[in-house]
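**Student:** This is the structure I have questions about; it appears just below.
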Amino acid sequence: MMIKRAAEKLLRSYSKQFRALAIVGPRQSGKTTLAKKVFPKKEYVSLENPDERMLAETDPRAFLARYPKGAILDEAQRVPSLFSYLQQALDETKKEGLFILTGSNNFLLQQTISQTLAGRIGYIDLLPLSYAEIKTFDDELKTTDELILHGCYPELFDKKRSPGIWYPAYIRTYVERDVKLLRNIENSVLFNRFLQLCAGRCSQQLNVAALSNECGIDVRTVNAWLGILQSSFIIYLLPPFYNSYNKRVVKTPKLYFTDTGLACSLLGIRTKKELSVSHFRGALFETYVIMEMFKKKFNQGSDSRLYFWRDNKGVEVDLLVDKGSKLIPIEIKSAQTFQERYLHSIHLWNGFSKNKGGILLYDGQQEFSKTNGMKVQNWRSVDSLKI
């Protein structure tokens, strides 16, 4: 059974508006499967195939001439020189949705697209499965801890892979293939250590100096390696909201892993019992919910912007959804029992910003609205939020 992806609707819409489309996301997030499902009649070419890549590099005109009706070009960032010739092919056609490019390296792909295909291409971010997508496919994973530990990569579900075996292999493949495309890192053991240190800082403010000291590498290398992790969709840096409301506010981003199963693997958390007693559980829960918000945003092609807000006295709102006309503050708590104090930060922020309302997403089942406009909801209702 093929998993139905929420981004399918957006992809079909974009295919009627752009001559080419780019689907980007982490390796194994389902980009190729989605492209093949939406465009079953298009020929498929993997540019990770050495023969195909050599032809595309040495004779790009001949390579593109093979596909007068367009094609799905998988891992397109492997041949950046092809894009100039692709630009000409797109300029000479009036057909929409001609070429579908997929890539697991956002930096290389976006850099090439911005130089040659700007205005000709629609961009779609495809992250691993959202809870709403998992729910339609697999009813066995029911508890929050199971979902956090298992992670969201499609192959874990449709092929019933064991996370304990799959994630270490994924990390090894990622370091040996994707990382070396961006930067030749000779000491892979040190890079793995850096990955583990980042996992230990899930949902924390980024501290480059601390990472530098603990890993034994200079600050410049830390920033370079963080860039690699971002561009290959392993981590996401959530930016702070800068409006101070006459308060001194932090201006460093918070670090999140795109997938909690991957973070658990790096942290050595293997079982539900280990997760339930781990001091990382709250951070991993927050990470899971934050990424649910991003999946919803990307799958809908929403232009809402996501931030967090924190002042120098420690008042923090986990997530601010900027819809342009209004800001929606959201607090995230891993507890199953509601307590009034969970709304404290939103109350304070509303006082500073003259805002009203807000949302608490927690792990409890009781959902209700309060008289001051606050909503208390189970985190699984993310897909129904109007953001």
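Residues in the structure tokens are named by chain (A, B, ... in the order shown) and by number from 1 within that chain; ligands are numbered from 1 in the order shown.
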Can you list, as a PyMOL selection string, every residue of segment 87-187 of chain A that DSSP puts in strand (DSSP E or B)?

**Tutor:** chain A and resi 99-103+121-125

**Student:** May I have the residues within 9 Å of Gly200 of chain A as a ChimeraX atom specification, using only C-alpha atoms and disregarding those fewer than 6 positions away in the same chain?

**Tutor:** /A:263,266-267,280

**Student:** Counting only C-alpha atoms, what is within 7 Å of Ile23 of chain A, bar same-chain residues fewer than 3 positions away, as a PDB file with C-alpha atoms, in the first residue's frame?

**Tutor:**
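Result file is result_8.pdb:
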ATOM      1  CA  LYS A  31      10.510  12.571  -2.938  1.00  0.00           C
ATOM      2  CA  LEU A 101      13.780  17.777 -10.121  1.00  0.00           C
ATOM      3  CA  THR A 102      14.339  16.076  -6.782  1.00  0.00           C
ATOM      4  CA  GLY A 103      17.227  16.683  -4.428  1.00  0.00           C
ATOM      5  CA  TYR A 123       9.740  24.735  -4.988  1.00  0.00           C
ATOM      6  CA  ILE A 124       8.256  22.091  -2.635  1.00  0.00           C
ATOM      7  CA  ASP A 125       9.809  20.969   0.658  1.00  0.00           C
ATOM      8  CA  LEU A 126       8.983  17.340   1.479  1.00  0.00           C
TER       9      LEU A 126
END

**Student:** Determine, counting only C-alpha atoms, which protein, DNA and RNA residues have an atom within 10 Å of an atom of Ser231 of chain A; residues of the same chain fewer than 4 positions away are not included. Present the result as number ranges by chain.

**Tutor:** A: 25-26, 104-110, 179, 182, 225-227, 235-236

**Student:** Save out the residues we just selected, N, CA and C atoms, as a PDB file, in the first residue's frame.

**Tutor:**
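Result saved to again08.pdb:
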ATOM      1  N   GLY A  25      14.143  17.681   0.082  1.00  0.00           N
ATOM      2  CA  GLY A  25      13.913  17.155   1.414  1.00  0.00           C
ATOM      3  C   GLY A  25      15.006  16.170   1.760  1.00  0.00           C
ATOM      4  N   PRO A  26      15.002  15.652   2.983  1.00  0.00           N
ATOM      5  CA  PRO A  26      16.058  14.720   3.377  1.00  0.00           C
ATOM      6  C   PRO A  26      16.024  13.438   2.560  1.00  0.00           C
ATOM      7  N   SER A 104      18.261  15.949  -2.368  1.00  0.00           N
ATOM      8  CA  SER A 104      18.378  15.822  -0.914  1.00  0.00           C
ATOM      9  C   SER A 104      19.444  16.763  -0.370  1.00  0.00           C
ATOM     10  N   ASN A 105      19.881  17.680  -1.236  1.00  0.00           N
ATOM     11  CA  ASN A 105      20.862  18.661  -0.773  1.00  0.00           C
ATOM     12  C   ASN A 105      20.384  20.047  -1.160  1.00  0.00           C
ATOM     13  N   ASN A 106      19.776  20.723  -0.223  1.00  0.00           N
ATOM     14  CA  ASN A 106      19.117  21.988  -0.525  1.00  0.00           C
ATOM     15  C   ASN A 106      20.091  23.080  -0.927  1.00  0.00           C
ATOM     16  N   PHE A 107      21.274  23.082  -0.324  1.00  0.00           N
ATOM     17  CA  PHE A 107      22.239  24.139  -0.641  1.00  0.00           C
ATOM     18  C   PHE A 107      22.665  24.066  -2.107  1.00  0.00           C
ATOM     19  N   LEU A 108      23.094  22.891  -2.550  1.00  0.00           N
ATOM     20  CA  LEU A 108      23.567  22.748  -3.929  1.00  0.00           C
ATOM     21  C   LEU A 108      22.438  22.985  -4.921  1.00  0.00           C
ATOM     22  N   LEU A 109      21.254  22.442  -4.610  1.00  0.00           N
ATOM     23  CA  LEU A 109      20.141  22.573  -5.542  1.00  0.00           C
ATOM     24  C   LEU A 109      19.627  24.007  -5.595  1.00  0.00           C
ATOM     25  N   GLN A 110      19.440  24.619  -4.430  1.00  0.00           N
ATOM     26  CA  GLN A 110      18.905  25.974  -4.383  1.00  0.00           C
ATOM     27  C   GLN A 110      19.878  26.986  -4.986  1.00  0.00           C
ATOM     28  N   VAL A 179      27.329  14.115   3.001  1.00  0.00           N
ATOM     29  CA  VAL A 179      28.253  15.060   3.624  1.00  0.00           C
ATOM     30  C   VAL A 179      29.456  15.316   2.733  1.00  0.00           C
ATOM     31  N   LEU A 182      29.217  17.928  -0.003  1.00  0.00           N
ATOM     32  CA  LEU A 182      29.316  19.332   0.393  1.00  0.00           C
ATOM     33  C   LEU A 182      30.714  19.712   0.853  1.00  0.00           C
ATOM     34  N   TRP A 225      29.834  22.936   9.587  1.00  0.00           N
ATOM     35  CA  TRP A 225      29.155  21.654   9.781  1.00  0.00           C
ATOM     36  C   TRP A 225      27.665  21.840  10.059  1.00  0.00           C
ATOM     37  N   LEU A 226      27.308  22.888  10.777  1.00  0.00           N
ATOM     38  CA  LEU A 226      25.884  23.193  10.975  1.00  0.00           C
ATOM     39  C   LEU A 226      25.207  23.489   9.637  1.00  0.00           C
ATOM     40  N   GLY A 227      25.931  24.199   8.764  1.00  0.00           N
ATOM     41  CA  GLY A 227      25.409  24.478   7.426  1.00  0.00           C
ATOM     42  C   GLY A 227      25.151  23.209   6.642  1.00  0.00           C
ATOM     43  N   ILE A 235      18.978  18.910  10.462  1.00  0.00           N
ATOM     44  CA  ILE A 235      18.531  19.809  11.534  1.00  0.00           C
ATOM     45  C   ILE A 235      17.783  20.997  10.936  1.00  0.00           C
ATOM     46  N   TYR A 236      17.040  21.675  11.789  1.00  0.00           N
ATOM     47  CA  TYR A 236      16.403  22.922  11.407  1.00  0.00           C
ATOM     48  C   TYR A 236      16.673  23.941  12.506  1.00  0.00           C
TER      49      TYR A 236
END

**Student:** Set the distance at 9 Å and use only C-alpha atoms: which residues neighbour segment 311-315 of chain A once local chain neighbours fewer than 2 positions away are removed? I'd like the list as a short mmCIF file (atom, residue, chain, number, x, y, z; two decimals) with N, CA and C atoms, in the first residue's frame.

**Tutor:**
data_model
loop_
_atom_site.label_atom_id
_atom_site.label_comp_id
_atom_site.auth_asym_id
_atom_site.auth_seq_id
_atom_site.Cartn_x
_atom_site.Cartn_y
_atom_site.Cartn_z
N SER A 244 11.09 43.32 20.14
CA SER A 244 11.45 43.22 21.56
C SER A 244 10.30 43.58 22.50
N LYS A 247 11.67 44.87 25.42
CA LYS A 247 12.40 43.89 26.23
C LYS A 247 13.70 43.55 25.52
N ARG A 248 14.69 43.14 26.28
CA ARG A 248 15.91 42.61 25.66
C ARG A 248 15.62 41.16 25.29
N VAL A 249 15.78 40.83 24.01
CA VAL A 249 15.42 39.48 23.56
C VAL A 249 16.64 38.76 23.00
N VAL A 250 16.59 37.42 23.04
CA VAL A 250 17.67 36.62 22.48
C VAL A 250 17.59 36.67 20.96
N TRP A 309 10.07 33.07 20.63
CA TRP A 309 10.36 34.36 21.27
C TRP A 309 10.83 34.13 22.69
N VAL A 317 8.13 31.88 24.49
CA VAL A 317 7.01 31.28 23.79
C VAL A 317 7.62 30.31 22.78
N SER A 345 3.54 31.75 30.07
CA SER A 345 4.38 32.48 29.09
C SER A 345 3.52 33.18 28.04
N LEU A 348 2.10 36.35 29.60
CA LEU A 348 3.11 37.40 29.68
C LEU A 348 3.36 38.01 28.31
N TRP A 349 3.51 37.16 27.31
CA TRP A 349 3.78 37.65 25.95
C TRP A 349 2.61 38.49 25.43
#

**Student:** Excluding Met54 of chain A and any residue of its chain fewer than 4 positions from it, enumerate the residues within 12 Å of it, using only C-alpha atoms, and give them as a PyMOL selection string.

**Tutor:** chain A and resi 46-50+58-60+62-63+78-79+81-82

**Student:** Give the answer as one residue: which of A:Phe257, A:Ala132, A:Arg281, A:Leu206 has the shortest atom-to-atom distance to Ser384 of chain A, using only C-alpha atoms?

**Tutor:** A:Ala132

**Student:** Kindly assemble as a Markdown table a list of the segment 226-316 of chain A residues that lie within 12 Å of segment 326-331 of chain A, each paired with its nearest atom pair and their distance in Å to one decimal, using only C-alpha atoms, sorted first by chain and then by ascending residue number.

**Tutor:**
| residue | atom | partner | partner_atom | distance |
| --- | --- | --- | --- | --- |
| A:Phe241 | CA | A:Leu327 | CA | 10.5 |
| A:Asn243 | CA | A:Leu327 | CA | 11.6 |
| A:Glu286 | CA | A:Glu331 | CA | 9.3 |
| A:Val289 | CA | A:Glu331 | CA | 10.3 |
| A:Ile290 | CA | A:Ile330 | CA | 10.0 |
| A:Met293 | CA | A:Ile330 | CA | 10.6 |
| A:Ser304 | CA | A:Leu327 | CA | 9.7 |
| A:Arg305 | CA | A:Leu327 | CA | 9.6 |
| A:Leu306 | CA | A:Ile328 | CA | 9.7 |
| A:Tyr307 | CA | A:Pro329 | CA | 9.5 |
| A:Phe308 | CA | A:Pro329 | CA | 8.7 |
| A:Trp309 | CA | A:Pro329 | CA | 9.1 |
| A:Arg310 | CA | A:Pro329 | CA | 11.9 |
| A:Val315 | CA | A:Glu331 | CA | 11.7 |
| A:Glu316 | CA | A:Glu331 | CA | 8.9 |

**Student:** Emit the selected residues as a PDB file, in the first residue's frame, including C-alpha atoms.

**Tutor:**
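Written file, selection-v6.pdb:
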ATOM      1  CA  PHE A 241      11.192  36.761  16.625  1.00  0.00           C
ATOM      2  CA  ASN A 243      10.334  42.446  18.028  1.00  0.00           C
ATOM      3  CA  GLU A 286       8.791  19.582  21.547  1.00  0.00           C
ATOM      4  CA  VAL A 289       5.438  18.888  17.549  1.00  0.00           C
ATOM      5  CA  ILE A 290       7.519  21.718  16.048  1.00  0.00           C
ATOM      6  CA  MET A 293       3.954  22.415  12.339  1.00  0.00           C
ATOM      7  CA  SER A 304       3.115  31.704   7.356  1.00  0.00           C
ATOM      8  CA  ARG A 305       6.451  32.219   9.093  1.00  0.00           C
ATOM      9  CA  LEU A 306       7.430  30.331  12.249  1.00  0.00           C
ATOM     10  CA  TYR A 307       9.557  31.746  15.079  1.00  0.00           C
ATOM     11  CA  PHE A 308      10.122  31.454  18.814  1.00  0.00           C
ATOM     12  CA  TRP A 309      10.357  34.365  21.272  1.00  0.00           C
ATOM     13  CA  ARG A 310      12.432  34.669  24.441  1.00  0.00           C
ATOM     14  CA  VAL A 315      10.150  34.288  29.355  1.00  0.00           C
ATOM     15  CA  GLU A 316       9.753  32.133  26.267  1.00  0.00           C
TER      16      GLU A 316
END

**Student:** Suppose you want the space between atom CA of Gly364 of chain A and atom CA of Ala335 of chain A; what is it in Å?

**Tutor:**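 Value for the atom CA of Gly364 of chain A-atom CA of Ala335 of chain A distance: 6.7 Å.
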
**Student:** I need the residues in segment 124-164 of chain A that are helix (DSSP H, G or I) according to DSSP; give them as a list in words.

**Tutor:**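 Here is the list: Tyr131, Ala132, Glu133, Ile134, Lys135, Thr136, Phe137, Thr144, Asp145, Glu146, Leu147, Ile148, Leu149, His150, Pro154, Glu155, Leu156, Phe157, Asp158, Pro163 and Gly164 of chain A.
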
**Student:** So how far away is atom CA of Tyr153 of chain A from atom CA of Glu8 of chain A, in Å?

**Tutor:**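 Atom CA of Tyr153 of chain A lies at a distance of 16.8 Å from atom CA of Glu8 of chain A.
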
**Student:** Using only C-alpha atoms, pick whichever of A:Lys95, A:His150, A:Gly70, A:Arg172 has the shortest atom-to-atom distance to Gln17 of chain A.

**Tutor:**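 Of all the options, A:Lys95 lies closest to Gln17 of chain A.
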
**Student:** For Leu361 of chain A, which of A:Leu86, A:Ile332, A:Met291, A:Ile387 is the closest residue, counting only C-alpha atoms?

**Tutor:** A:Ile332

**Student:** I'd like to know which of A:Pro128, A:Gln196, A:Lys272, A:Leu11 is closest to Gly30 of chain A, using only C-alpha atoms.

**Tutor:**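 For Gly30 of chain A, the nearest of the given residues is A:Pro128.
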
**Student:** One decimal, in Å: what's the spacing between atom CA of Val376 of chain A and atom CA of Asp322 of chain A?

**Tutor:** 19.5 Å

**Student:** So, with only C-alpha atoms as the atoms that count, which of A:Pro163, A:Tyr362, A:Glu75, A:Val38 lies closest to Leu181 of chain A?

**Tutor:**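 Closest residue, counting only C-alpha atoms: A:Glu75.
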